$ cat data.pdb   # PDB, C-alpha atoms
ATOM      1  CA  MET H   1      79.894  90.285  15.060
ATOM      2  CA  LEU H   2      80.466  87.414  12.670
ATOM      3  CA  TYR H   3      80.155  84.132  14.562
ATOM      4  CA  ASP H   4      81.905  80.954  13.495
ATOM      5  CA  CYS H   5      78.664  79.060  14.021
ATOM      6  CA  ALA H   6      75.073  79.787  14.920
ATOM      7  CA  VAL H   7      73.357  76.875  16.628
ATOM      8  CA  ILE H   8      69.599  77.035  16.110
ATOM      9  CA  GLY H   9      67.720  75.198  18.847
ATOM     10  CA  GLY H  10      68.668  74.660  22.478
ATOM     11  CA  GLY H  11      67.664  71.068  23.149
ATOM     12  CA  PRO H  12      70.226  68.369  23.958
ATOM     13  CA  ALA H  13      71.596  68.425  20.397
ATOM     14  CA  GLY H  14      72.084  72.189  20.301
ATOM     15  CA  LEU H  15      73.470  72.294  23.820
ATOM     16  CA  ASN H  16      76.025  69.576  23.158
ATOM     17  CA  ALA H  17      76.949  71.069  19.784
ATOM     18  CA  SER H  18      77.584  74.421  21.485
ATOM     19  CA  LEU H  19      79.747  72.753  24.130
ATOM     20  CA  VAL H  20      81.939  71.007  21.553
ATOM     21  CA  LEU H  21      82.253  74.200  19.495
ATOM     22  CA  GLY H  22      83.079  76.329  22.534
ATOM     23  CA  ARG H  23      85.732  73.884  23.635
ATOM     24  CA  GLY H  24      86.967  73.915  20.031
ATOM     25  CA  ARG H  25      87.750  77.646  20.419
ATOM     26  CA  LYS H  26      84.964  78.759  18.109
ATOM     27  CA  GLU H  27      82.765  81.821  18.531
ATOM     28  CA  VAL H  28      79.258  80.446  18.891
ATOM     29  CA  ILE H  29      75.791  81.834  19.385
ATOM     30  CA  LEU H  30      73.103  79.453  20.600
ATOM     31  CA  LEU H  31      69.643  80.704  19.686
ATOM     32  CA  ASP H  32      66.952  79.010  21.744
ATOM     33  CA  ASN H  33      63.254  79.902  21.944
ATOM     34  CA  ASP H  34      62.875  77.793  25.115
ATOM     35  CA  ALA H  35      60.093  75.619  23.701
ATOM     36  CA  PRO H  36      61.513  72.093  23.964
ATOM     37  CA  ARG H  37      59.679  69.087  22.599
ATOM     38  CA  ASN H  38      60.024  67.332  25.954
ATOM     39  CA  ALA H  39      58.389  70.191  27.878
ATOM     40  CA  VAL H  40      55.496  67.837  28.738
ATOM     41  CA  THR H  41      57.890  65.174  30.011
ATOM     42  CA  GLN H  42      58.294  64.685  33.765
ATOM     43  CA  GLU H  43      61.543  62.730  33.532
ATOM     44  CA  SER H  44      64.130  61.886  30.873
ATOM     45  CA  HIS H  45      65.664  58.423  30.799
ATOM     46  CA  ASN H  46      68.373  56.274  29.190
ATOM     47  CA  PHE H  47      71.166  58.846  29.563
ATOM     48  CA  ILE H  48      73.789  57.388  31.872
ATOM     49  CA  THR H  49      74.405  59.583  34.986
ATOM     50  CA  ARG H  50      71.258  61.545  34.024
ATOM     51  CA  ASP H  51      68.603  58.836  34.195
ATOM     52  CA  GLY H  52      65.354  60.281  35.530
ATOM     53  CA  ILE H  53      66.444  63.911  35.335
ATOM     54  CA  GLU H  54      63.780  66.562  34.794
ATOM     55  CA  PRO H  55      64.211  68.209  31.366
ATOM     56  CA  ALA H  56      64.323  71.676  32.931
ATOM     57  CA  ALA H  57      67.069  70.572  35.322
ATOM     58  CA  PHE H  58      69.017  69.069  32.423
ATOM     59  CA  ARG H  59      68.870  72.353  30.521
ATOM     60  CA  LYS H  60      69.874  74.355  33.598
ATOM     61  CA  GLU H  61      72.926  72.172  34.210
ATOM     62  CA  ALA H  62      73.825  72.325  30.528
ATOM     63  CA  HIS H  63      73.699  76.130  30.548
ATOM     64  CA  GLU H  64      76.036  76.155  33.538
ATOM     65  CA  ASP H  65      78.484  73.998  31.563
ATOM     66  CA  LEU H  66      78.331  76.339  28.579
ATOM     67  CA  LYS H  67      78.989  79.433  30.714
ATOM     68  CA  LYS H  68      82.504  78.144  31.404
ATOM     69  CA  TYR H  69      83.522  78.938  27.830
ATOM     70  CA  PRO H  70      83.795  82.612  26.829
ATOM     71  CA  GLY H  71      83.232  81.876  23.134
ATOM     72  CA  ILE H  72      79.643  80.738  23.702
ATOM     73  CA  VAL H  73      76.754  83.201  23.743
ATOM     74  CA  ILE H  74      73.269  81.975  24.695
ATOM     75  CA  GLN H  75      70.400  84.079  23.380
ATOM     76  CA  LYS H  76      66.765  83.315  24.203
ATOM     77  CA  ASP H  77      64.976  84.180  20.974
ATOM     78  CA  ARG H  78      63.132  82.465  18.145
ATOM     79  CA  VAL H  79      64.763  82.445  14.733
ATOM     80  CA  THR H  80      62.301  83.451  12.036
ATOM     81  CA  ASP H  81      64.524  83.522   8.961
ATOM     82  CA  ILE H  82      67.890  82.287   7.695
ATOM     83  CA  ASN H  83      69.312  83.751   4.484
ATOM     84  CA  PRO H  84      72.579  82.563   2.922
ATOM     85  CA  ALA H  85      74.513  85.261   1.032
ATOM     86  CA  ASP H  86      78.187  85.516   0.040
ATOM     87  CA  SER H  87      79.195  82.474   2.125
ATOM     88  CA  ILE H  88      77.619  84.079   5.220
ATOM     89  CA  PHE H  89      74.344  83.151   6.875
ATOM     90  CA  HIS H  90      72.135  86.065   7.915
ATOM     91  CA  ILE H  91      69.793  85.214  10.773
ATOM     92  CA  HIS H  92      66.735  87.218  11.820
ATOM     93  CA  THR H  93      64.797  86.648  15.027
ATOM     94  CA  GLU H  94      61.348  87.283  16.422
ATOM     95  CA  ALA H  95      62.730  90.008  18.699
ATOM     96  CA  GLY H  96      64.049  91.889  15.667
ATOM     97  CA  ARG H  97      67.690  90.987  16.172
ATOM     98  CA  ASP H  98      70.053  90.111  13.322
ATOM     99  CA  TYR H  99      73.103  87.858  13.476
ATOM    100  CA  GLU H 100      75.714  86.642  11.014
ATOM    101  CA  ALA H 101      77.517  83.316  11.066
ATOM    102  CA  LYS H 102      79.918  81.410   8.843
ATOM    103  CA  THR H 103      78.091  78.141   9.501
ATOM    104  CA  ILE H 104      74.744  76.943  10.854
ATOM    105  CA  ILE H 105      73.827  73.912  12.935
ATOM    106  CA  LEU H 106      70.110  73.152  12.824
ATOM    107  CA  SER H 107      69.110  71.402  16.036
ATOM    108  CA  THR H 108      65.486  72.447  15.959
ATOM    109  CA  GLY H 109      64.151  68.958  16.601
ATOM    110  CA  LEU H 110      60.799  67.444  15.763
ATOM    111  CA  LYS H 111      57.290  68.014  17.043
ATOM    112  CA  ASP H 112      54.731  65.376  17.939
ATOM    113  CA  VAL H 113      51.488  65.431  15.991
ATOM    114  CA  LEU H 114      48.888  63.621  18.074
ATOM    115  CA  PRO H 115      45.663  62.099  16.766
ATOM    116  CA  ASP H 116      42.702  64.485  16.782
ATOM    117  CA  ILE H 117      41.045  63.081  19.886
ATOM    118  CA  ASP H 118      39.323  65.234  22.483
ATOM    119  CA  GLY H 119      41.326  65.326  25.709
ATOM    120  CA  ILE H 120      44.484  63.655  24.420
ATOM    121  CA  HIS H 121      46.716  66.634  25.221
ATOM    122  CA  ASP H 122      45.564  66.560  28.853
ATOM    123  CA  PHE H 123      47.313  63.243  29.384
ATOM    124  CA  TYR H 124      50.214  63.312  26.951
ATOM    125  CA  GLY H 125      53.495  63.232  28.845
ATOM    126  CA  THR H 126      51.934  62.252  32.179
ATOM    127  CA  SER H 127      50.013  59.012  31.609
ATOM    128  CA  LEU H 128      50.004  58.717  27.810
ATOM    129  CA  PHE H 129      53.335  58.468  26.003
ATOM    130  CA  ALA H 130      54.895  57.933  22.584
ATOM    131  CA  CYS H 131      58.211  56.216  23.325
ATOM    132  CA  PRO H 132      58.389  52.874  25.168
ATOM    133  CA  PHE H 133      62.166  53.224  25.506
ATOM    134  CA  CYS H 134      61.533  56.391  27.513
ATOM    135  CA  ASP H 135      58.565  55.286  29.607
ATOM    136  CA  GLY H 136      58.097  51.523  29.164
ATOM    137  CA  TRP H 137      59.867  50.633  32.412
ATOM    138  CA  GLU H 138      57.540  52.818  34.483
ATOM    139  CA  LEU H 139      54.465  51.202  32.882
ATOM    140  CA  LYS H 140      55.673  47.605  32.898
ATOM    141  CA  ASP H 141      52.984  46.439  35.364
ATOM    142  CA  THR H 142      50.110  48.689  34.267
ATOM    143  CA  PRO H 143      47.387  47.506  31.834
ATOM    144  CA  LEU H 144      47.773  49.696  28.771
ATOM    145  CA  VAL H 145      45.811  51.222  25.942
ATOM    146  CA  PHE H 146      47.634  51.744  22.663
ATOM    147  CA  ILE H 147      46.064  54.356  20.392
ATOM    148  CA  ALA H 148      47.011  53.312  16.878
ATOM    149  CA  ASP H 149      47.275  56.064  14.305
ATOM    150  CA  GLY H 150      49.295  55.760  11.128
ATOM    151  CA  ALA H 151      51.507  53.333   9.278
ATOM    152  CA  PHE H 152      53.891  52.702  12.185
ATOM    153  CA  SER H 153      51.238  51.554  14.648
ATOM    154  CA  PHE H 154      52.070  47.857  14.364
ATOM    155  CA  HIS H 155      55.752  48.539  14.923
ATOM    156  CA  GLY H 156      54.839  50.650  17.953
ATOM    157  CA  VAL H 157      52.742  47.888  19.489
ATOM    158  CA  LYS H 158      55.550  45.397  18.970
ATOM    159  CA  MET H 159      57.988  47.681  20.758
ATOM    160  CA  VAL H 160      55.632  48.283  23.680
ATOM    161  CA  SER H 161      55.170  44.510  24.065
ATOM    162  CA  ASN H 162      58.808  44.230  25.124
ATOM    163  CA  TRP H 163      57.855  45.894  28.421
ATOM    164  CA  ASN H 164      54.207  44.953  28.802
ATOM    165  CA  LYS H 165      51.982  42.460  27.018
ATOM    166  CA  ASP H 166      48.741  43.595  28.693
ATOM    167  CA  ILE H 167      47.709  45.865  25.814
ATOM    168  CA  VAL H 168      44.402  46.835  24.225
ATOM    169  CA  ILE H 169      44.716  48.550  20.839
ATOM    170  CA  CYS H 170      42.282  51.298  19.857
ATOM    171  CA  THR H 171      42.352  52.156  16.162
ATOM    172  CA  ASN H 172      39.830  55.009  16.506
ATOM    173  CA  GLY H 173      38.089  53.729  13.393
ATOM    174  CA  LYS H 174      41.248  54.146  11.279
ATOM    175  CA  GLU H 175      42.783  51.502   9.025
ATOM    176  CA  SER H 176      46.092  51.537  10.859
ATOM    177  CA  LEU H 177      46.572  47.766  10.799
ATOM    178  CA  SER H 178      46.667  45.397   7.839
ATOM    179  CA  PRO H 179      44.801  42.043   7.887
ATOM    180  CA  GLU H 180      48.142  40.251   8.272
ATOM    181  CA  GLN H 181      49.066  42.424  11.245
ATOM    182  CA  ARG H 182      45.675  41.820  12.830
ATOM    183  CA  ASP H 183      46.202  38.067  12.509
ATOM    184  CA  ILE H 184      49.552  38.318  14.272
ATOM    185  CA  LEU H 185      48.065  40.417  17.073
ATOM    186  CA  ALA H 186      45.225  37.935  17.480
ATOM    187  CA  GLN H 187      47.779  35.142  17.861
ATOM    188  CA  LYS H 188      49.448  37.234  20.578
ATOM    189  CA  GLN H 189      46.034  37.621  22.257
ATOM    190  CA  ILE H 190      46.151  41.394  21.951
ATOM    191  CA  GLU H 191      42.648  42.854  21.757
ATOM    192  CA  ILE H 192      41.771  45.387  19.053
ATOM    193  CA  ILE H 193      38.900  47.862  19.397
ATOM    194  CA  ASP H 194      37.947  49.574  16.132
ATOM    195  CA  ASP H 195      35.268  51.908  17.513
ATOM    196  CA  GLU H 196      35.779  55.646  17.079
ATOM    197  CA  ILE H 197      36.928  57.451  20.198
ATOM    198  CA  LEU H 198      34.762  60.268  21.535
ATOM    199  CA  GLN H 199      37.170  61.487  24.191
ATOM    200  CA  LEU H 200      39.732  60.606  26.822
ATOM    201  CA  GLN H 201      38.721  61.278  30.416
ATOM    202  CA  GLY H 202      40.593  61.580  33.687
ATOM    203  CA  GLU H 203      41.928  64.261  35.985
ATOM    204  CA  ASN H 204      45.213  65.965  36.850
ATOM    205  CA  GLY H 205      46.941  64.343  33.885
ATOM    206  CA  GLN H 206      45.911  60.840  34.947
ATOM    207  CA  LEU H 207      44.019  58.922  32.282
ATOM    208  CA  LYS H 208      41.007  56.981  33.539
ATOM    209  CA  THR H 209      38.683  56.193  30.658
ATOM    210  CA  VAL H 210      38.616  55.938  26.890
ATOM    211  CA  GLN H 211      35.064  56.830  25.881
ATOM    212  CA  PHE H 212      33.811  55.739  22.463
ATOM    213  CA  LYS H 213      31.209  57.383  20.260
ATOM    214  CA  ASN H 214      28.946  54.330  20.513
ATOM    215  CA  GLY H 215      28.749  54.734  24.287
ATOM    216  CA  LYS H 216      31.224  52.000  25.223
ATOM    217  CA  GLU H 217      34.058  52.707  27.643
ATOM    218  CA  LEU H 218      37.509  51.271  28.217
ATOM    219  CA  HIS H 219      39.063  51.815  31.638
ATOM    220  CA  LYS H 220      42.823  52.249  31.423
ATOM    221  CA  GLU H 221      45.126  54.423  33.492
ATOM    222  CA  ALA H 222      48.056  54.642  31.088
ATOM    223  CA  GLY H 223      49.078  53.932  27.556
ATOM    224  CA  PHE H 224      50.961  54.811  24.419
ATOM    225  CA  VAL H 225      50.031  56.565  21.218
ATOM    226  CA  SER H 226      51.689  56.258  17.821
ATOM    227  CA  ALA H 227      52.252  59.993  17.444
ATOM    228  CA  LYS H 228      53.462  61.252  14.096
ATOM    229  CA  MET H 229      56.540  63.461  13.994
ATOM    230  CA  GLU H 230      57.434  66.335  11.718
ATOM    231  CA  GLN H 231      60.052  69.059  11.574
ATOM    232  CA  ALA H 232      59.495  71.562  14.395
ATOM    233  CA  ALA H 233      60.910  74.427  12.322
ATOM    234  CA  PRO H 234      60.488  75.281   8.619
ATOM    235  CA  PHE H 235      64.149  75.912   7.808
ATOM    236  CA  ALA H 236      64.967  72.585   6.156
ATOM    237  CA  GLU H 237      62.233  73.145   3.591
ATOM    238  CA  ARG H 238      62.921  76.856   3.152
ATOM    239  CA  LEU H 239      66.632  76.302   2.615
ATOM    240  CA  GLY H 240      66.027  73.421   0.221
ATOM    241  CA  LEU H 241      67.832  70.782   2.265
ATOM    242  CA  GLU H 242      67.602  67.187   1.133
ATOM    243  CA  LEU H 243      65.390  65.068   3.390
ATOM    244  CA  THR H 244      65.265  61.362   4.155
ATOM    245  CA  ASP H 245      62.262  59.139   3.420
ATOM    246  CA  MET H 246      61.313  59.573   7.086
ATOM    247  CA  GLY H 247      61.227  63.357   6.773
ATOM    248  CA  GLY H 248      64.472  63.991   8.630
ATOM    249  CA  ILE H 249      67.276  66.193   7.361
ATOM    250  CA  LYS H 250      69.693  64.055   5.387
ATOM    251  CA  THR H 251      73.233  64.274   6.740
ATOM    252  CA  ASP H 252      76.547  62.474   6.580
ATOM    253  CA  PRO H 253      78.032  61.009   9.803
ATOM    254  CA  TYR H 254      79.262  64.472  10.829
ATOM    255  CA  GLY H 255      76.058  66.392  10.348
ATOM    256  CA  ARG H 256      76.856  67.858   6.934
ATOM    257  CA  THR H 257      73.694  68.498   4.944
ATOM    258  CA  SER H 258      73.206  68.865   1.198
ATOM    259  CA  ILE H 259      74.160  72.573   1.425
ATOM    260  CA  LYS H 260      77.693  73.638   2.300
ATOM    261  CA  GLY H 261      77.923  75.390   5.643
ATOM    262  CA  ILE H 262      74.668  73.977   7.005
ATOM    263  CA  TYR H 263      74.822  71.099   9.458
ATOM    264  CA  ALA H 264      72.114  69.273  11.387
ATOM    265  CA  GLY H 265      72.037  67.103  14.467
ATOM    266  CA  GLY H 266      69.493  65.603  16.835
ATOM    267  CA  ASP H 267      65.885  64.598  16.340
ATOM    268  CA  ASN H 268      65.449  66.714  13.202
ATOM    269  CA  ALA H 269      67.902  64.402  11.456
ATOM    270  CA  ALA H 270      65.404  61.613  12.297
ATOM    271  CA  GLY H 271      67.442  59.595  14.729
ATOM    272  CA  PRO H 272      65.569  57.639  17.416
ATOM    273  CA  PRO H 273      64.086  60.282  19.751
ATOM    274  CA  GLN H 274      66.374  59.755  22.728
ATOM    275  CA  LEU H 275      68.115  62.410  24.815
ATOM    276  CA  VAL H 276      71.506  60.739  24.593
ATOM    277  CA  ILE H 277      71.222  60.164  20.833
ATOM    278  CA  ALA H 278      70.213  63.787  20.220
ATOM    279  CA  ALA H 279      73.165  65.001  22.282
ATOM    280  CA  SER H 280      75.451  62.696  20.312
ATOM    281  CA  GLY H 281      74.066  64.062  17.041
ATOM    282  CA  GLY H 282      74.845  67.594  18.170
ATOM    283  CA  SER H 283      78.380  66.583  19.061
ATOM    284  CA  GLN H 284      78.905  64.952  15.669
ATOM    285  CA  ALA H 285      77.639  68.037  13.842
ATOM    286  CA  ALA H 286      79.976  70.273  15.863
ATOM    287  CA  ILE H 287      82.906  67.991  15.061
ATOM    288  CA  GLY H 288      81.929  68.281  11.401
ATOM    289  CA  VAL H 289      81.972  72.087  11.639
ATOM    290  CA  ILE H 290      85.384  72.193  13.329
ATOM    291  CA  SER H 291      86.847  69.620  10.948
ATOM    292  CA  ASP H 292      85.755  71.657   7.932
ATOM    293  CA  PHE H 293      87.216  74.857   9.399
ATOM    294  CA  VAL H 294      90.511  73.041   9.928
ATOM    295  CA  GLU H 295      90.571  71.662   6.384
ATOM    296  CA  GLU H 296      89.857  75.089   4.895
ATOM    297  CA  ASN H 297      92.476  76.938   6.951
ATOM    298  CA  PHE H 298      95.304  74.459   7.441
TER     299      PHE H 298
END

$ encode --input "data.pdb" --output "structure tokens"
Amino acid sequence: MLYDCAVIGGGPAGLNASLVLGRGRKEVILLDNDAPRNAVTQESHNFITRDGIEPAAFRKEAHEDLKKYPGIVIQKDRVTDINPADSIFHIHTEAGRDYEAKTIILSTGLKDVLPDIDGIHDFYGTSLFACPFCDGWELKDTPLVFIADGAFSFHGVKMVSNWNKDIVICTNGKESLSPEQRDILAQKQIEIIDDEILQLQGENGQLKTVQFKNGKELHKEAGFVSAKMEQAAPFAERLGLELTDMGGIKTDPYGRTSIKGIYAGGDNAAGPPQLVIAASGGSQAAIGVISDFVEENF
């Protein structure tokens, strides 16, 4: 079967894109490997009527919405290759299946790249977070550690300070802060520890101690980390799509990429990593797909 659109990735962007396409009377296949970026997250926030929802519950409810529309097929599988040929996109999956579609929406998202610190993955998503907009409210009264890693560390600290000013920055021996930024932080009475981190300790996902290589310890039960983000799937690079300076897929307001027939929406287009924004990006990309079909066939 030749689908009107293949949506690659079943996070909020892909789910919402599929909904708009299905309601737009298009034949859609949603290919989802069920490995969402927010799998470590206990609750998702800042989506009106869905504030605090568990990511798994959000996906379950979304799938129920999509089942109302006969033009939408949901297939749990991981896409391994996308080949454009003769105005058709040929899609191959890990399970050995092949699909064809007139258009593609890439909603494969981003992945978090955490600093190489022993134990950090044990606490990420439960007591150590990346996004203050997502988790700042819950940590507003808790003394925090901020693990600074990379060029955006200062910006991250500034954002966290909107919710909580009781912050100790750990640079892990990296030059993540300029002298000018250090002066500003000193004026704000925010402590900076430059010692290298040996490991993070705690139990059951609850951070307790930051242990340094010189034997010192910092006792904190929660914090943030300036995680780096990169494309979760290789398709943008393989297909030769134009990227932004931030590493996101460059699109117009309706998800059109630099290659005709390929659209993108959600985190992989480098919008702020918010559930509601990703869903909006998927909707915009789907509107772009439908609008282009209309223009070509009217």

$ residues_around --input "data.pdb" --residues "stretch 149-160 of chain H" --least-positions-apart "2" --cutoff "6 Å" --atoms "all atoms listed in the file" --output "JSON, numbers by chain"
{"H": [132, 162, 163, 176, 226]}

$ atom_distance --input "data.pdb" --atom1 "atom CA of H:Gly71" --atom2 "atom CA of H:Gly22"
5.6 Å

$ closest_residue --input "data.pdb" --among "H:Asp51, H:Glu64, H:Glu27, H:Glu221" --to "H:Pro143" --atoms "all atoms listed in the file"
H:Glu221

$ residues_around --input "data.pdb" --residues "H:Thr209" --least-positions-apart "3" --cutoff "6 Å" --atoms "all atoms listed in the file" --output "list in words"
Leu200, Gln201, Leu218, His219 and Lys220 of chain H

$ resolve_selection --input "data.pdb" --expression "the PyMOL selection byres ((chain H and resi 32) around 6)" --output "ChimeraX atom specification"
/H:9-10,31,33-34,76-77

$ residues_around --input "data.pdb" --residues "H:Ala285" --least-positions-apart "3" --cutoff "8 Å" --atoms "all atoms listed in the file" --output "list in words"
Ala17, Ile105, Tyr254, Gly255, Arg256, Tyr263, Ala264, Gly265, Gly281, Gly282, Gly288 and Val289 of chain H

$ residues_around --input "data.pdb" --residues "H:Lys250" --least-positions-apart "5" --cutoff "9 Å" --atoms "all atoms listed in the file" --output "number ranges by chain"
H: 241-244, 255-258, 264, 269-270

$ write_last_selection --input "data.pdb" --atoms "C-alpha atoms" --output "CSV table (one decimal), keeping the file's coordinate frame"
chain,number,residue,atom,x,y,z
H,241,LEU,CA,67.8,70.8,2.3
H,242,GLU,CA,67.6,67.2,1.1
H,243,LEU,CA,65.4,65.1,3.4
H,244,THR,CA,65.3,61.4,4.2
H,255,GLY,CA,76.1,66.4,10.3
H,256,ARG,CA,76.9,67.9,6.9
H,257,THR,CA,73.7,68.5,4.9
H,258,SER,CA,73.2,68.9,1.2
H,264,ALA,CA,72.1,69.3,11.4
H,269,ALA,CA,67.9,64.4,11.5
H,270,ALA,CA,65.4,61.6,12.3

$ closest_residue --input "data.pdb" --among "H:Ala232, H:Lys208, H:Asp122, H:Thr171" --to "H:Ala35" --atoms "all atoms listed in the file"
H:Ala232

$ decode --input "data.pdb" --residues "stretch 155-220 of chain H" --atoms "C-alpha atoms" --output "PDB file, in the first residue's frame"
ATOM      1  CA  HIS H 155      21.949  30.031  30.692  1.00  0.00           C
ATOM      2  CA  GLY H 156      20.728  26.895  32.467  1.00  0.00           C
ATOM      3  CA  VAL H 157      21.651  28.239  35.891  1.00  0.00           C
ATOM      4  CA  LYS H 158      19.879  31.504  35.146  1.00  0.00           C
ATOM      5  CA  MET H 159      16.718  29.642  34.196  1.00  0.00           C
ATOM      6  CA  VAL H 160      16.808  27.449  37.299  1.00  0.00           C
ATOM      7  CA  SER H 161      17.181  30.568  39.473  1.00  0.00           C
ATOM      8  CA  ASN H 162      13.662  31.607  38.490  1.00  0.00           C
ATOM      9  CA  TRP H 163      12.339  28.775  40.676  1.00  0.00           C
ATOM     10  CA  ASN H 164      15.079  28.372  43.259  1.00  0.00           C
ATOM     11  CA  LYS H 165      18.080  30.486  44.193  1.00  0.00           C
ATOM     12  CA  ASP H 166      19.589  27.938  46.606  1.00  0.00           C
ATOM     13  CA  ILE H 167      21.997  26.495  44.031  1.00  0.00           C
ATOM     14  CA  VAL H 168      25.527  25.108  44.153  1.00  0.00           C
ATOM     15  CA  ILE H 169      27.202  24.740  40.752  1.00  0.00           C
ATOM     16  CA  CYS H 170      29.560  21.836  40.089  1.00  0.00           C
ATOM     17  CA  THR H 171      31.667  22.259  36.962  1.00  0.00           C
ATOM     18  CA  ASN H 172      33.294  18.812  37.273  1.00  0.00           C
ATOM     19  CA  GLY H 173      36.630  20.409  36.449  1.00  0.00           C
ATOM     20  CA  LYS H 174      35.353  21.681  33.076  1.00  0.00           C
ATOM     21  CA  GLU H 175      35.646  25.240  31.783  1.00  0.00           C
ATOM     22  CA  SER H 176      31.904  25.649  31.400  1.00  0.00           C
ATOM     23  CA  LEU H 177      31.793  29.198  32.758  1.00  0.00           C
ATOM     24  CA  SER H 178      33.642  32.290  31.572  1.00  0.00           C
ATOM     25  CA  PRO H 179      35.311  34.706  34.043  1.00  0.00           C
ATOM     26  CA  GLU H 180      32.527  37.222  33.379  1.00  0.00           C
ATOM     27  CA  GLN H 181      29.871  34.617  34.132  1.00  0.00           C
ATOM     28  CA  ARG H 182      31.662  33.609  37.319  1.00  0.00           C
ATOM     29  CA  ASP H 183      31.669  37.240  38.454  1.00  0.00           C
ATOM     30  CA  ILE H 184      27.924  37.490  37.903  1.00  0.00           C
ATOM     31  CA  LEU H 185      27.298  34.261  39.812  1.00  0.00           C
ATOM     32  CA  ALA H 186      29.474  35.482  42.669  1.00  0.00           C
ATOM     33  CA  GLN H 187      27.383  38.654  42.849  1.00  0.00           C
ATOM     34  CA  LYS H 188      24.292  36.432  43.064  1.00  0.00           C
ATOM     35  CA  GLN H 189      25.983  34.499  45.897  1.00  0.00           C
ATOM     36  CA  ILE H 190      25.837  31.248  43.960  1.00  0.00           C
ATOM     37  CA  GLU H 191      28.656  28.919  44.993  1.00  0.00           C
ATOM     38  CA  ILE H 192      30.820  27.234  42.351  1.00  0.00           C
ATOM     39  CA  ILE H 193      32.749  24.018  43.008  1.00  0.00           C
ATOM     40  CA  ASP H 194      35.360  23.224  40.354  1.00  0.00           C
ATOM     41  CA  ASP H 195      36.523  19.866  41.735  1.00  0.00           C
ATOM     42  CA  GLU H 196      36.141  16.809  39.514  1.00  0.00           C
ATOM     43  CA  ILE H 197      33.242  14.557  40.419  1.00  0.00           C
ATOM     44  CA  LEU H 198      33.990  10.938  41.290  1.00  0.00           C
ATOM     45  CA  GLN H 199      30.400   9.747  41.459  1.00  0.00           C
ATOM     46  CA  LEU H 200      26.834  10.493  42.450  1.00  0.00           C
ATOM     47  CA  GLN H 201      25.442   8.440  45.321  1.00  0.00           C
ATOM     48  CA  GLY H 202      21.967   7.711  46.621  1.00  0.00           C
ATOM     49  CA  GLU H 203      19.357   4.990  46.443  1.00  0.00           C
ATOM     50  CA  ASN H 204      16.111   4.202  44.630  1.00  0.00           C
ATOM     51  CA  GLY H 205      16.613   7.129  42.267  1.00  0.00           C
ATOM     52  CA  GLN H 206      17.016   9.616  45.115  1.00  0.00           C
ATOM     53  CA  LEU H 207      20.244  11.597  44.978  1.00  0.00           C
ATOM     54  CA  LYS H 208      22.014  12.010  48.312  1.00  0.00           C
ATOM     55  CA  THR H 209      25.644  12.912  47.745  1.00  0.00           C
ATOM     56  CA  VAL H 210      27.975  14.315  45.123  1.00  0.00           C
ATOM     57  CA  GLN H 211      31.358  12.737  45.832  1.00  0.00           C
ATOM     58  CA  PHE H 212      34.475  14.412  44.449  1.00  0.00           C
ATOM     59  CA  LYS H 213      37.769  12.833  43.458  1.00  0.00           C
ATOM     60  CA  ASN H 214      39.614  14.792  46.154  1.00  0.00           C
ATOM     61  CA  GLY H 215      37.481  13.173  48.851  1.00  0.00           C
ATOM     62  CA  LYS H 216      35.117  16.092  49.454  1.00  0.00           C
ATOM     63  CA  GLU H 217      31.361  15.566  49.453  1.00  0.00           C
ATOM     64  CA  LEU H 218      28.353  17.737  48.716  1.00  0.00           C
ATOM     65  CA  HIS H 219      25.028  16.645  50.185  1.00  0.00           C
ATOM     66  CA  LYS H 220      22.131  17.485  47.888  1.00  0.00           C
TER      67      LYS H 220
END
